[in-house]
Amino acid sequence: MNENYLPICTCCYAVRVEPQRARRIRPTCAACGEKIAKERTFTVANGNKQGYELITDPSILRQLNPKRTI
């Protein structure tokens, strides 16, 4: 990739991507990257005698705590 070449954002197609973000698989501008990051919400928790699992629904996370008061 040429150092003077900056790709266009693959999300909004409106602005050029910063050089620090240009080498990513899907280059996005900072505003679109922030918007995409807010859409993906998850946490990692470990169950009783289990490995870690990815939890995307907050209600499942509440069910994992046996001493919950809610």
# chains A, B, ... in the order shown; residues from 1 in each chain; ligands from 1
>>> select_by_dssp(residues="chain A", states="alpha helix (DSSP H)", output="PDB file with C-alpha atoms, in the first residue's frame")
ATOM      1  CA  ALA A  30     -13.501   6.890  13.877  1.00  0.00           C
ATOM      2  CA  ALA A  31     -17.196   7.852  13.971  1.00  0.00           C
ATOM      3  CA  CYS A  32     -18.362   4.684  12.198  1.00  0.00           C
ATOM      4  CA  GLY A  33     -15.993   2.532  14.258  1.00  0.00           C
ATOM      5  CA  GLU A  34     -17.500   3.929  17.444  1.00  0.00           C
ATOM      6  CA  LYS A  35     -21.016   3.258  16.148  1.00  0.00           C
ATOM      7  CA  ILE A  36     -20.151  -0.367  15.272  1.00  0.00           C
ATOM      8  CA  ALA A  37     -18.483  -0.901  18.659  1.00  0.00           C
ATOM      9  CA  LYS A  38     -21.601   0.277  20.516  1.00  0.00           C
ATOM     10  CA  GLU A  39     -23.773  -2.210  18.612  1.00  0.00           C
ATOM     11  CA  PRO A  58     -28.116  -9.631  30.213  1.00  0.00           C
ATOM     12  CA  SER A  59     -30.957 -11.861  31.461  1.00  0.00           C
ATOM     13  CA  ILE A  60     -28.726 -14.935  31.130  1.00  0.00           C
ATOM     14  CA  LEU A  61     -26.079 -13.182  33.180  1.00  0.00           C
ATOM     15  CA  ARG A  62     -28.626 -12.518  35.940  1.00  0.00           C
ATOM     16  CA  GLN A  63     -29.605 -16.206  35.978  1.00  0.00           C
ATOM     17  CA  LEU A  64     -26.009 -17.285  36.600  1.00  0.00           C
TER      18      LEU A  64
END
>>> residues_around(residues="A:Ile55", least_positions_apart="3", cutoff="7 Å", atoms="only C-alpha atoms", output="list of chain:residue names")
A:Phe42, A:Thr43, A:Val44, A:Leu61
>>> closest_residue(among="A:Ile8, A:Gly47, A:Thr41, A:Asp57", to="A:Pro27", atoms="only C-alpha atoms")
A:Ile8
>>> select_by_dssp(residues="chain A", states="strand (DSSP E or B)", output="list in words")
Ile8, Arg16, Thr43, Val44, Ala45, Asn46, Tyr52, Glu53, Leu54 and Ile55 of chain A
>>> atom_distance(atom1="atom CA of A:Lys49", atom2="atom CA of A:Asn65")
13.7 Å
>>> atom_distance(atom1="atom CA of A:Arg24", atom2="atom CA of A:Thr56")
24.9 Å
>>> atom_distance(atom1="atom CA of A:Val15", atom2="atom CA of A:Cys29")
7.1 Å
>>> closest_residue(among="A:Leu54, A:Cys11, A:Ala45, A:Leu6", to="A:Arg26", atoms="only C-alpha atoms")
A:Cys11
